[in-house]
file upload17.txt (compact mmCIF, C-alpha atoms and all ligand atoms)
# COMPACT_ATOMS: atom_id res chain seq x y z
CA MET E 4 18.53 -11.76 -8.34
CA ASP E 5 19.95 -8.33 -7.72
CA ASN E 6 17.75 -5.47 -8.80
CA ASP E 7 20.35 -2.77 -8.46
CA THR E 8 20.39 -2.21 -12.15
CA PRO E 9 16.95 -3.10 -13.41
CA MET E 10 16.95 -3.19 -17.16
CA ASP E 11 14.45 -0.94 -18.78
CA GLU E 12 13.82 -2.94 -21.92
CA PRO E 13 12.83 0.04 -24.08
CA ASN E 14 16.16 1.70 -23.34
CA ARG E 15 18.22 -1.10 -24.79
CA PRO E 16 19.78 0.19 -27.99
CA ASP E 17 18.90 -3.01 -29.83
CA SER E 18 15.39 -3.33 -28.49
CA PRO E 19 12.64 -3.59 -31.08
CA ALA E 20 10.45 -1.91 -28.52
CA ARG E 21 12.60 1.20 -28.68
CA ALA E 22 11.24 2.18 -32.04
CA ALA E 23 7.70 1.51 -30.93
CA LEU E 24 8.26 3.55 -27.81
CA ALA E 25 9.60 6.45 -29.81
CA ALA E 26 6.60 6.29 -32.09
CA GLN E 27 4.30 6.55 -29.15
CA THR E 28 6.14 9.39 -27.47
CA ASN E 29 4.34 12.09 -29.39
CA ARG E 30 0.99 10.63 -28.45
CA ARG E 31 2.03 10.39 -24.83
CA VAL E 32 3.14 14.00 -24.72
CA PHE E 33 -0.20 14.94 -26.19
CA LEU E 34 -2.05 12.82 -23.65
CA ARG E 35 -0.11 14.32 -20.78
CA ARG E 36 -1.02 17.82 -21.88
CA ALA E 37 -4.58 16.78 -22.52
CA SER E 38 -4.77 15.24 -19.06
CA ALA E 39 -3.92 18.58 -17.52
CA LEU E 40 -6.55 20.22 -19.70
CA THR E 41 -9.10 17.65 -18.60
CA LEU E 42 -8.89 18.91 -15.03
CA ALA E 43 -9.93 22.33 -16.24
CA ILE E 44 -12.55 21.38 -18.82
CA PRO E 45 -15.22 18.96 -17.55
CA GLY E 46 -16.29 16.48 -20.20
CA LEU E 47 -13.12 16.77 -22.22
CA GLY E 48 -11.69 13.70 -20.55
CA ALA E 49 -14.57 11.48 -21.59
CA ALA E 50 -14.41 12.77 -25.13
CA LEU E 51 -10.67 12.16 -25.38
CA THR E 52 -11.02 8.75 -23.76
CA ALA E 53 -13.53 7.80 -26.41
CA CYS E 54 -10.89 8.67 -29.02
CA ARG E 55 -8.24 6.52 -27.37
CA PRO E 56 -7.30 3.45 -29.38
CA GLU E 57 -8.57 0.15 -28.02
CA GLN E 58 -5.95 -1.72 -26.03
CA PRO E 59 -5.87 -5.45 -26.69
CA ALA E 60 -6.57 -7.86 -23.84
CA ARG E 61 -3.35 -9.02 -22.31
CA GLU E 62 -1.70 -10.69 -19.37
CA GLU E 63 1.56 -8.85 -18.79
CA HIS E 64 4.47 -9.66 -16.54
CA ALA E 65 7.20 -7.23 -15.62
CA GLY E 66 10.22 -8.67 -13.89
CA ALA E 67 13.14 -6.73 -12.52
CA GLY E 68 14.39 -6.99 -16.06
CA GLY E 69 11.41 -5.27 -17.65
CA THR E 70 8.17 -6.41 -19.16
CA VAL E 71 7.75 -9.99 -20.28
CA PRO E 72 4.44 -10.13 -22.12
CA GLN E 73 2.86 -13.52 -21.73
CA THR E 74 1.35 -13.80 -25.19
CA ALA E 75 2.76 -13.21 -28.64
CA ALA E 76 -0.17 -10.96 -29.39
CA ALA E 77 0.64 -8.82 -26.40
CA ARG E 78 4.31 -8.67 -27.40
CA ASP E 79 3.43 -7.64 -30.92
CA SER E 80 0.94 -5.02 -29.89
CA VAL E 81 2.44 -3.35 -26.84
CA GLY E 82 5.97 -4.70 -26.54
CA VAL E 83 7.48 -3.56 -23.29
CA HIS E 84 5.90 -0.14 -23.43
CA ASN E 85 3.70 0.75 -20.52
CA PRO E 86 0.32 1.77 -21.90
CA ASP E 87 -1.26 1.77 -18.45
CA SER E 88 1.14 4.13 -16.80
CA LYS E 89 -0.11 6.36 -14.04
CA LEU E 90 -0.47 9.28 -16.42
CA ASP E 91 -2.39 7.28 -18.96
CA THR E 92 -4.62 5.84 -16.26
CA ALA E 93 -5.40 9.27 -14.91
CA PHE E 94 -6.28 10.28 -18.44
CA HIS E 95 -8.36 7.15 -18.90
CA GLN E 96 -10.44 8.20 -15.93
CA GLY E 97 -10.95 11.67 -17.26
CA GLY E 98 -8.74 13.13 -14.57
CA ARG E 99 -11.41 12.72 -11.93
CA ALA E 100 -11.40 10.55 -8.82
CA PRO E 101 -13.80 7.63 -9.24
CA SER E 102 -16.44 6.92 -6.63
CA THR E 103 -16.04 4.07 -4.18
CA VAL E 104 -19.80 3.73 -3.66
CA ALA E 105 -20.44 0.01 -3.30
CA PRO E 106 -23.08 -1.54 -5.59
CA ALA E 107 -26.25 -2.60 -3.80
CA GLY E 108 -26.08 -6.20 -2.72
CA THR E 109 -22.33 -6.30 -2.25
CA PRO E 110 -21.63 -8.55 0.77
CA VAL E 111 -20.26 -6.73 3.83
CA ALA E 112 -17.25 -8.05 5.71
CA PRO E 113 -18.25 -8.05 9.40
CA PHE E 114 -16.07 -6.45 12.05
CA ALA E 115 -13.00 -8.55 12.76
CA ARG E 116 -9.94 -7.60 14.79
CA PHE E 117 -6.91 -7.36 12.50
CA ASP E 118 -4.30 -9.77 13.87
CA PRO E 119 -1.23 -7.58 14.50
CA ALA E 120 1.20 -10.50 14.98
CA LEU E 121 4.10 -10.57 12.53
CA PRO E 122 3.60 -13.75 10.48
CA PRO E 123 6.50 -16.23 10.45
CA LEU E 124 9.08 -16.27 7.69
CA SER E 125 8.84 -18.91 5.03
CA THR E 126 11.72 -21.35 4.92
CA GLY E 127 12.65 -20.72 1.29
CA ARG E 128 14.52 -17.83 -0.24
CA THR E 129 11.68 -17.02 -2.63
CA ILE E 130 8.12 -16.14 -1.74
CA ASP E 131 5.08 -15.91 -3.97
CA VAL E 132 2.55 -13.20 -3.22
CA HIS E 133 -0.66 -12.98 -5.24
CA PHE E 134 -3.11 -10.23 -4.32
CA HIS E 135 -6.53 -9.47 -5.77
CA ALA E 136 -7.88 -5.93 -6.01
CA ARG E 137 -11.45 -6.17 -4.73
CA GLN E 138 -14.15 -3.79 -3.61
CA VAL E 139 -15.35 -4.95 -0.21
CA PRO E 140 -17.57 -3.05 2.23
CA ILE E 141 -15.91 -3.52 5.63
CA GLN E 142 -17.36 -2.89 9.05
CA ILE E 143 -14.61 -0.96 10.85
CA SER E 144 -16.59 -0.11 13.99
CA ASP E 145 -20.02 -0.65 15.56
CA ASP E 146 -21.59 2.10 13.49
CA THR E 147 -19.45 2.39 10.37
CA VAL E 148 -19.17 0.31 7.22
CA VAL E 149 -16.77 1.68 4.61
CA ALA E 150 -16.81 1.00 0.87
CA GLY E 151 -13.25 -0.25 0.82
CA TRP E 152 -11.00 -0.68 -2.15
CA THR E 153 -8.86 -3.54 -0.94
CA PHE E 154 -6.03 -5.92 -1.56
CA ASP E 155 -7.52 -9.36 -0.81
CA GLY E 156 -10.60 -8.03 0.91
CA ASN E 157 -9.16 -6.30 3.96
CA ILE E 158 -7.85 -2.92 5.08
CA PRO E 159 -4.93 -3.03 5.43
CA GLY E 160 -4.00 -5.81 3.03
CA PRO E 161 -2.18 -8.95 4.18
CA ILE E 162 1.15 -8.56 6.01
CA VAL E 163 4.05 -9.77 3.86
CA HIS E 164 7.17 -10.97 5.70
CA CYS E 165 10.49 -11.78 4.07
CA ARG E 166 14.19 -11.27 4.63
CA VAL E 167 16.87 -9.21 2.98
CA GLY E 168 18.02 -11.07 -0.12
CA ASP E 169 14.85 -13.10 -0.56
CA THR E 170 13.09 -12.79 -3.89
CA VAL E 171 9.46 -11.74 -3.82
CA HIS E 172 7.43 -12.86 -6.83
CA PHE E 173 4.35 -10.68 -6.89
CA THR E 174 1.15 -10.75 -8.93
CA LEU E 175 -1.80 -8.40 -8.73
CA THR E 176 -5.06 -9.50 -10.33
CA ASN E 177 -7.64 -6.78 -10.70
CA GLU E 178 -11.27 -7.79 -10.10
CA MET E 179 -12.58 -4.21 -10.11
CA ASP E 180 -13.88 -1.93 -12.83
CA VAL E 181 -11.24 0.70 -12.00
CA PRO E 182 -7.58 0.04 -12.95
CA HIS E 183 -5.19 -0.62 -10.08
CA SER E 184 -1.49 -1.20 -9.51
CA MET E 185 1.02 -2.07 -6.80
CA ASP E 186 3.95 -0.04 -5.49
CA PHE E 187 6.20 -1.89 -3.02
CA HIS E 188 8.45 0.49 -1.10
CA ALA E 189 10.74 -2.49 -0.35
CA ALA E 190 11.54 -2.80 -4.07
CA ARG E 191 14.16 -1.06 -6.15
CA ILE E 192 12.73 -1.42 -9.62
CA ASN E 193 11.63 0.56 -12.67
CA PRO E 194 8.24 1.85 -11.48
CA LYS E 195 7.07 2.74 -14.96
CA VAL E 196 7.09 -0.94 -15.80
CA ALA E 197 6.49 -2.79 -12.54
CA PHE E 198 4.06 -0.39 -10.90
CA ARG E 199 1.87 0.12 -13.93
CA SER E 200 -1.90 -0.14 -13.70
CA THR E 201 -3.81 -3.18 -14.80
CA PRO E 202 -7.45 -3.17 -15.93
CA LYS E 203 -10.30 -5.36 -14.79
CA GLY E 204 -9.81 -9.07 -15.28
CA GLU E 205 -6.11 -8.79 -15.95
CA SER E 206 -2.92 -9.17 -13.96
CA VAL E 207 0.47 -7.56 -13.54
CA SER E 208 3.48 -9.46 -12.19
CA TYR E 209 7.02 -8.57 -11.19
CA HIS E 210 9.68 -9.63 -8.76
CA PHE E 211 12.13 -7.87 -6.52
CA THR E 212 14.83 -8.58 -3.98
CA PRO E 213 14.78 -6.33 -0.91
CA ARG E 214 18.19 -4.87 -0.17
CA TYR E 215 17.35 -3.27 3.16
CA ALA E 216 15.59 -4.50 6.26
CA GLY E 217 12.75 -2.49 7.68
CA ALA E 218 9.02 -1.82 7.81
CA PHE E 219 7.87 -0.83 4.35
CA LEU E 220 4.60 0.34 2.87
CA TYR E 221 2.95 -1.17 -0.15
CA HIS E 222 0.09 0.61 -1.88
CA CYS E 223 -1.81 1.08 -5.10
CA GLY E 224 -0.05 3.73 -7.14
CA THR E 225 -2.73 4.37 -9.73
CA SER E 226 -3.63 8.00 -10.23
CA PRO E 227 -4.97 9.76 -8.34
CA VAL E 228 -2.79 7.99 -5.79
CA LEU E 229 -4.44 9.91 -2.95
CA MET E 230 -7.79 8.36 -3.89
CA HIS E 231 -6.53 4.79 -4.30
CA LEU E 232 -4.25 4.82 -1.28
CA GLY E 233 -6.81 6.72 0.78
CA SER E 234 -9.57 4.23 -0.04
CA GLY E 235 -7.83 1.27 1.56
CA MET E 236 -5.30 -0.06 -0.95
CA TYR E 237 -2.25 -0.39 1.30
CA GLY E 238 -0.45 -2.70 3.66
CA ALA E 239 2.93 -3.60 5.16
CA ILE E 240 5.86 -5.66 3.97
CA ILE E 241 8.28 -6.38 6.80
CA VAL E 242 11.81 -7.16 5.68
CA SER E 243 13.80 -8.83 8.46
CA PRO E 244 17.59 -8.53 8.37
CA ARG E 245 19.87 -11.51 7.73
CA GLU E 246 21.45 -10.69 11.08
CA THR E 247 19.69 -11.88 14.21
CA LEU E 248 17.76 -9.24 16.10
CA PRO E 249 17.12 -9.56 19.84
CA ARG E 250 14.42 -12.15 20.54
CA ALA E 251 11.09 -10.33 20.79
CA ARG E 252 7.34 -10.54 20.40
CA GLU E 253 6.79 -8.82 17.07
CA PHE E 254 3.74 -6.87 15.98
CA VAL E 255 2.85 -4.88 12.87
CA LEU E 256 0.85 -1.67 13.08
CA VAL E 257 -0.26 0.04 9.88
CA HIS E 258 -1.36 3.58 10.67
CA SER E 259 -3.85 5.25 8.33
CA GLU E 260 -6.58 7.84 7.99
CA PHE E 261 -10.17 7.40 6.78
CA TYR E 262 -11.94 10.23 4.95
CA LEU E 263 -15.58 9.29 4.49
CA GLY E 264 -18.69 10.56 2.77
CA SER E 265 -22.33 10.21 3.81
CA PRO E 266 -23.70 6.65 3.82
CA VAL E 267 -25.15 5.22 0.60
CA ASN E 268 -27.27 2.15 1.37
CA GLY E 269 -25.68 2.12 4.81
CA VAL E 270 -22.13 2.12 3.48
CA ARG E 271 -19.85 5.16 3.65
CA PRO E 272 -17.82 5.74 0.48
CA PHE E 273 -14.36 7.24 0.69
CA ASP E 274 -14.44 10.96 -0.09
CA TYR E 275 -11.72 12.46 -2.26
CA GLY E 276 -12.64 16.02 -1.34
CA ARG E 277 -12.27 15.24 2.33
CA MET E 278 -8.92 13.60 1.63
CA LEU E 279 -7.80 16.87 0.08
CA SER E 280 -9.10 18.78 3.11
CA GLU E 281 -6.95 16.58 5.41
CA LEU E 282 -9.57 16.36 8.15
CA PRO E 283 -10.02 12.61 8.71
CA ASP E 284 -13.13 10.99 10.16
CA ALA E 285 -11.06 8.22 11.72
CA VAL E 286 -7.39 7.45 12.27
CA THR E 287 -6.49 3.85 12.90
CA PHE E 288 -3.93 1.22 13.63
CA ASN E 289 -4.63 -1.67 11.25
CA GLY E 290 -7.82 -0.29 9.81
CA ARG E 291 -10.25 -0.15 12.74
CA PRO E 292 -10.41 2.81 15.14
CA ASN E 293 -9.57 1.77 18.73
CA GLN E 294 -9.66 -1.97 17.94
CA TYR E 295 -6.80 -2.72 20.32
CA SER E 296 -8.58 -0.86 23.09
CA ARG E 297 -11.46 -3.33 22.66
CA GLU E 298 -9.14 -6.31 22.32
CA PRO E 299 -5.64 -5.35 23.52
CA ILE E 300 -2.31 -6.71 22.40
CA ARG E 301 -1.12 -9.02 25.21
CA VAL E 302 2.48 -9.87 26.09
CA ASN E 303 4.16 -11.54 29.05
CA THR E 304 6.08 -9.67 31.69
CA GLY E 305 9.75 -9.59 30.82
CA GLU E 306 9.32 -10.00 27.07
CA ARG E 307 10.93 -7.70 24.58
CA VAL E 308 8.36 -6.21 22.21
CA ARG E 309 9.06 -4.97 18.70
CA PHE E 310 6.48 -2.87 16.90
CA TRP E 311 6.99 -2.59 13.15
CA VAL E 312 5.08 0.62 12.44
CA VAL E 313 4.19 1.53 8.86
CA ASN E 314 2.38 4.76 8.12
CA ALA E 315 0.13 4.46 5.08
CA GLY E 316 -1.18 7.99 5.56
CA PRO E 317 -2.26 9.00 2.99
CA THR E 318 -1.29 12.40 4.42
CA LEU E 319 -0.69 12.65 8.17
CA SER E 320 2.28 11.55 10.25
CA CYS E 321 2.16 9.21 13.24
CA ALA E 322 3.97 10.27 16.42
CA PHE E 323 4.29 6.79 17.90
CA HIS E 324 4.40 6.65 21.69
CA VAL E 325 3.66 4.10 24.42
CA VAL E 326 2.28 5.68 27.58
CA GLY E 327 4.26 4.66 30.68
CA GLN E 328 7.08 3.15 28.64
CA GLN E 329 10.15 4.20 26.75
CA PHE E 330 11.64 2.66 23.64
CA ASP E 331 15.08 1.40 24.46
CA THR E 332 15.71 1.08 20.73
CA VAL E 333 14.22 2.68 17.64
CA TYR E 334 15.58 1.64 14.26
CA LEU E 335 15.28 4.72 12.09
CA GLY E 336 16.38 2.80 9.00
CA ALA E 337 17.46 -0.77 8.40
CA PRO E 338 17.89 -2.88 11.54
CA PRO E 339 20.22 -3.78 13.19
CA SER E 340 22.12 -0.61 12.32
CA SER E 341 20.47 2.83 12.48
CA ALA E 342 19.44 2.31 16.11
CA ILE E 343 18.88 5.15 18.51
CA HIS E 344 18.19 4.58 22.20
CA GLY E 345 16.07 6.02 24.96
CA VAL E 346 13.24 7.42 22.88
CA GLN E 347 9.84 8.63 24.13
CA THR E 348 8.15 9.40 20.80
CA PHE E 349 9.21 9.22 17.18
CA SER E 350 7.25 10.36 14.18
CA VAL E 351 6.71 7.96 11.28
CA ALA E 352 6.17 9.91 8.08
CA ALA E 353 3.37 9.07 5.68
CA GLY E 354 4.91 6.54 3.34
CA GLY E 355 7.50 5.54 5.93
CA GLY E 356 8.08 2.84 8.50
CA MET E 357 10.40 1.93 11.36
CA ALA E 358 10.81 -0.51 14.22
CA PHE E 359 10.27 0.35 17.88
CA GLU E 360 11.53 -1.88 20.71
CA LEU E 361 10.78 -1.84 24.40
CA LEU E 362 11.25 -4.18 27.32
CA ALA E 363 7.88 -5.07 28.84
CA ASP E 364 9.27 -5.63 32.30
CA ILE E 365 6.53 -3.75 34.17
CA PRO E 366 3.07 -5.37 34.44
CA GLY E 367 0.16 -3.13 33.53
CA GLU E 368 -1.92 -1.67 30.74
CA PHE E 369 0.07 0.57 28.44
CA PRO E 370 -1.72 2.68 25.82
CA PHE E 371 0.09 3.02 22.48
CA VAL E 372 -0.95 6.13 20.63
CA ASN E 373 -0.39 8.57 17.86
CA HIS E 374 0.69 11.36 20.21
CA GLU E 375 -0.64 13.92 17.75
CA PHE E 376 -3.72 13.63 19.90
CA GLY E 377 -6.20 15.09 17.50
CA HIS E 378 -5.52 11.91 15.56
CA GLY E 379 -5.14 9.65 18.58
CA GLN E 380 -8.60 10.80 19.64
CA LYS E 381 -10.00 9.69 16.27
CA GLY E 382 -8.98 6.11 16.86
CA ALA E 383 -5.17 5.81 16.65
CA THR E 384 -5.03 4.39 20.17
CA GLY E 385 -4.68 0.87 21.53
CA PHE E 386 -3.53 -1.02 24.61
CA MET E 387 -0.63 -3.33 25.26
CA VAL E 388 -1.40 -5.44 28.34
CA VAL E 389 1.67 -6.78 30.10
CA GLY E 390 1.22 -9.64 32.54
CU CU E 401 -5.95 1.30 -6.95

call {"tool": "encode", "arguments": {"input": "upload17.txt", "output": "structure tokens"}}
result
Amino acid sequence: MDNDTPMDEPNRPDSPARAALAAQTNRRVFLRRASALTLAIPGLGAALTACRPEQPAREEHAGAGGTVPQTAAARDSVGVHNPDSKLDTAFHQGGRAPSTVAPAGTPVAPFARFDPALPPLSTGRTIDVHFHARQVPIQISDDTVVAGWTFDGNIPGPIVHCRVGDTVHFTLTNEMDVPHSMDFHAARINPKVAFRSTPKGESVSYHFTPRYAGAFLYHCGTSPVLMHLGSGMYGAIIVSPRETLPRAREFVLVHSEFYLGSPVNGVRPFDYGRMLSELPDAVTFNGRPNQYSREPIRVNTGERVRFWVVNAGPTLSCAFHVVGQQFDTVYLGAPPSSAIHGVQTFSVAAGGGMAFELLADIPGEFPFVNHEFGHGQKGATGFMVVG
């Protein structure tokens, strides 16, 4: 299905939801203004939240063609309106960033190297992806356990791999107290509907058909996005082109920063204030500082290597460079077009992604780094061993 012209159900002239949407507009304008006020007046948010009408339990599904409520009750009560939009969610939380402090007794995920290999494509033209928003303390180094907000229990979340023209059917089920959502950068879709937040115990579903190949970010888009994205809710979706690319060993590197508070029960929560200060405690490829220095990426002499690099940020860029090598090809946009050649370093913006190719024809140990070395020094360094 082509998502070039996603239908926004409320905008259909004959939609029964249109009237309901109009009726709610005044309240939404009020809430938006009140949300801004909340930032300035502590306590106002909680008071206003208490006044907010109860939302009925629901299981909603938003396709490329708008919301498709699963139950009649949900259809009658909320139609295709988006009551859990980012603005409303921010308001629901009183305009403040929630804490990621993990409850005592929460099991800790031990240190495990994140497998950087690009997973194989499925044989069909449709893929089903079902993620769960979970709070999981994760050991990211010998001395650090972080109170992660995760998709499926890991930082980053699982690598999704599809091709241009495939249809991705996605569902997010929220197991956490805080509302969450999912924003796929590979999708062209009405974000107000598809990327809306879903509360604990409920799910949001939608589908999309990637038009362009490339390395794309996915992340929670619930407000404040900095807090949700910065606390571990991100990952990569790699969209391969329909055309054949040169045969290569393919790896996925998700670059990101960690801004951490002091340990609580041995677990370091993510710190919103430090995120705003932009001075990270760690910078990583695939969620663990220096993990590929401990256990390098290994390729054979003579192989072509393709790194799909996605920068989750949340704030800093990644000047990707391989010491002792040069990229013979960097795809700035969709492969196979958009290639430039003979590149030493190229910066991947926060929220961006691109593919880097080199020919590993020289045996040796080649560091790959964020060449903004203040960040490389904090863990955005690994080794590719050729031989
Ligand atoms: Cu979230």

call {"tool": "residues_near_point", "arguments": {"input": "upload17.txt", "point": "(-7.9, -12.7, -9.9)", "cutoff": "10 Å", "atoms": "all atoms listed in the file", "output": "list of chain:residue names"}}
result
E:His133, E:Phe134, E:His135, E:Ala136, E:Arg137, E:Asp155, E:Thr174, E:Leu175, E:Thr176, E:Asn177, E:Glu178, E:Met179, E:Lys203, E:Gly204, E:Glu205, E:Ser206

call {"tool": "closest_atom_pairs", "arguments": {"input": "upload17.txt", "of": "chain E", "to": "ligand CU 401 (chain E)", "cutoff": "7 Å", "atoms": "all atoms listed in the file", "output": "Markdown table"}}
result
| residue | atom | partner | partner_atom | distance |
| --- | --- | --- | --- | --- |
| E:Pro182 | CA | E:CU401 | CU | 6.3 |
| E:His183 | CA | E:CU401 | CU | 3.7 |
| E:Ser184 | CA | E:CU401 | CU | 5.7 |
| E:Cys223 | CA | E:CU401 | CU | 4.5 |
| E:Gly224 | CA | E:CU401 | CU | 6.4 |
| E:Thr225 | CA | E:CU401 | CU | 5.2 |
| E:His231 | CA | E:CU401 | CU | 4.4 |
| E:Leu232 | CA | E:CU401 | CU | 6.9 |
| E:Met236 | CA | E:CU401 | CU | 6.2 |

call {"tool": "closest_residue", "arguments": {"input": "upload17.txt", "among": "E:Pro317, E:Gly238, E:Gly264, E:Gly151", "to": "E:Glu281", "atoms": "all atoms listed in the file"}}
result
E:Pro317

call {"tool": "closest_residue", "arguments": {"input": "upload17.txt", "among": "E:Ala218, E:Ile241, E:Ile141, E:Ala120", "to": "E:Gly156", "atoms": "all atoms listed in the file"}}
result
E:Ile141

call {"tool": "closest_residue", "arguments": {"input": "upload17.txt", "among": "E:Phe273, E:Tyr262, E:Phe187, E:Phe386", "to": "E:Gln294", "atoms": "only C-alpha atoms"}}
result
E:Phe386

call {"tool": "atom_distance", "arguments": {"input": "upload17.txt", "atom1": "atom CA of E:Val325", "atom2": "atom CA of E:Val389"}}
result
12.4 Å

call {"tool": "residues_around", "arguments": {"input": "upload17.txt", "residues": "E:Asn289", "least_positions_apart": "5", "cutoff": "12 Å", "atoms": "only C-alpha atoms", "output": "PDB file with C-alpha atoms, in the frame of the given file"}}
result
ATOM      1  CA  ALA E 115     -13.000  -8.550  12.760  1.00  0.00           C
ATOM      2  CA  ARG E 116      -9.940  -7.600  14.790  1.00  0.00           C
ATOM      3  CA  PHE E 117      -6.910  -7.360  12.500  1.00  0.00           C
ATOM      4  CA  ASP E 118      -4.300  -9.770  13.870  1.00  0.00           C
ATOM      5  CA  PRO E 119      -1.230  -7.580  14.500  1.00  0.00           C
ATOM      6  CA  ALA E 120       1.200 -10.500  14.980  1.00  0.00           C
ATOM      7  CA  ILE E 143     -14.610  -0.960  10.850  1.00  0.00           C
ATOM      8  CA  ASN E 157      -9.160  -6.300   3.960  1.00  0.00           C
ATOM      9  CA  ILE E 158      -7.850  -2.920   5.080  1.00  0.00           C
ATOM     10  CA  PRO E 159      -4.930  -3.030   5.430  1.00  0.00           C
ATOM     11  CA  GLY E 160      -4.000  -5.810   3.030  1.00  0.00           C
ATOM     12  CA  PRO E 161      -2.180  -8.950   4.180  1.00  0.00           C
ATOM     13  CA  ILE E 162       1.150  -8.560   6.010  1.00  0.00           C
ATOM     14  CA  GLY E 235      -7.830   1.270   1.560  1.00  0.00           C
ATOM     15  CA  TYR E 237      -2.250  -0.390   1.300  1.00  0.00           C
ATOM     16  CA  GLY E 238      -0.450  -2.700   3.660  1.00  0.00           C
ATOM     17  CA  ALA E 239       2.930  -3.600   5.160  1.00  0.00           C
ATOM     18  CA  PHE E 254       3.740  -6.870  15.980  1.00  0.00           C
ATOM     19  CA  VAL E 255       2.850  -4.880  12.870  1.00  0.00           C
ATOM     20  CA  LEU E 256       0.850  -1.670  13.080  1.00  0.00           C
ATOM     21  CA  VAL E 257      -0.260   0.040   9.880  1.00  0.00           C
ATOM     22  CA  HIS E 258      -1.360   3.580  10.670  1.00  0.00           C
ATOM     23  CA  SER E 259      -3.850   5.250   8.330  1.00  0.00           C
ATOM     24  CA  GLU E 260      -6.580   7.840   7.990  1.00  0.00           C
ATOM     25  CA  PHE E 261     -10.170   7.400   6.780  1.00  0.00           C
ATOM     26  CA  GLN E 294      -9.660  -1.970  17.940  1.00  0.00           C
ATOM     27  CA  TYR E 295      -6.800  -2.720  20.320  1.00  0.00           C
ATOM     28  CA  TRP E 311       6.990  -2.590  13.150  1.00  0.00           C
ATOM     29  CA  VAL E 312       5.080   0.620  12.440  1.00  0.00           C
ATOM     30  CA  VAL E 313       4.190   1.530   8.860  1.00  0.00           C
ATOM     31  CA  ASN E 314       2.380   4.760   8.120  1.00  0.00           C
ATOM     32  CA  ALA E 315       0.130   4.460   5.080  1.00  0.00           C
ATOM     33  CA  GLY E 316      -1.180   7.990   5.560  1.00  0.00           C
ATOM     34  CA  GLY E 382      -8.980   6.110  16.860  1.00  0.00           C
ATOM     35  CA  ALA E 383      -5.170   5.810  16.650  1.00  0.00           C
ATOM     36  CA  THR E 384      -5.030   4.390  20.170  1.00  0.00           C
ATOM     37  CA  GLY E 385      -4.680   0.870  21.530  1.00  0.00           C
TER      38      GLY E 385
END

call {"tool": "residues_around", "arguments": {"input": "upload17.txt", "residues": "E:Glu253", "least_positions_apart": "2", "cutoff": "6 Å", "atoms": "all atoms listed in the file", "output": "list in words"}}
result
Leu121, Ala251, Val308, Arg309 and Phe310 of chain E

call {"tool": "atom_distance", "arguments": {"input": "upload17.txt", "atom1": "atom CA of E:Thr304", "atom2": "atom CA of E:Pro366"}}
result
5.9 Å

call {"tool": "residues_around", "arguments": {"input": "upload17.txt", "residues": "E:Gly377", "least_positions_apart": "4", "cutoff": "12 Å", "atoms": "all atoms listed in the file", "output": "CSV table (one decimal) with C-alpha atoms, in the frame of the given file"}}
result
chain,number,residue,atom,x,y,z
E,260,GLU,CA,-6.6,7.8,8.0
E,282,LEU,CA,-9.6,16.4,8.2
E,283,PRO,CA,-10.0,12.6,8.7
E,284,ASP,CA,-13.1,11.0,10.2
E,285,ALA,CA,-11.1,8.2,11.7
E,286,VAL,CA,-7.4,7.4,12.3
E,319,LEU,CA,-0.7,12.6,8.2
E,320,SER,CA,2.3,11.6,10.2
E,321,CYS,CA,2.2,9.2,13.2
E,322,ALA,CA,4.0,10.3,16.4
E,372,VAL,CA,-1.0,6.1,20.6
E,373,ASN,CA,-0.4,8.6,17.9
E,381,LYS,CA,-10.0,9.7,16.3
E,382,GLY,CA,-9.0,6.1,16.9
E,383,ALA,CA,-5.2,5.8,16.6
E,384,THR,CA,-5.0,4.4,20.2

call {"tool": "atom_distance", "arguments": {"input": "upload17.txt", "atom1": "atom CA of E:Ser226", "atom2": "atom CA of E:Ala352"}}
result
20.9 Å

call {"tool": "residues_around", "arguments": {"input": "upload17.txt", "residues": "stretch 101-108 of chain E", "least_positions_apart": "4", "cutoff": "12 Å", "atoms": "only C-alpha atoms", "output": "VMD selection string"}}
result
chain E and resid 92 to 93 95 to 97 137 to 141 148 to 153 179 to 183 225 to 231 233 to 236 262 to 276
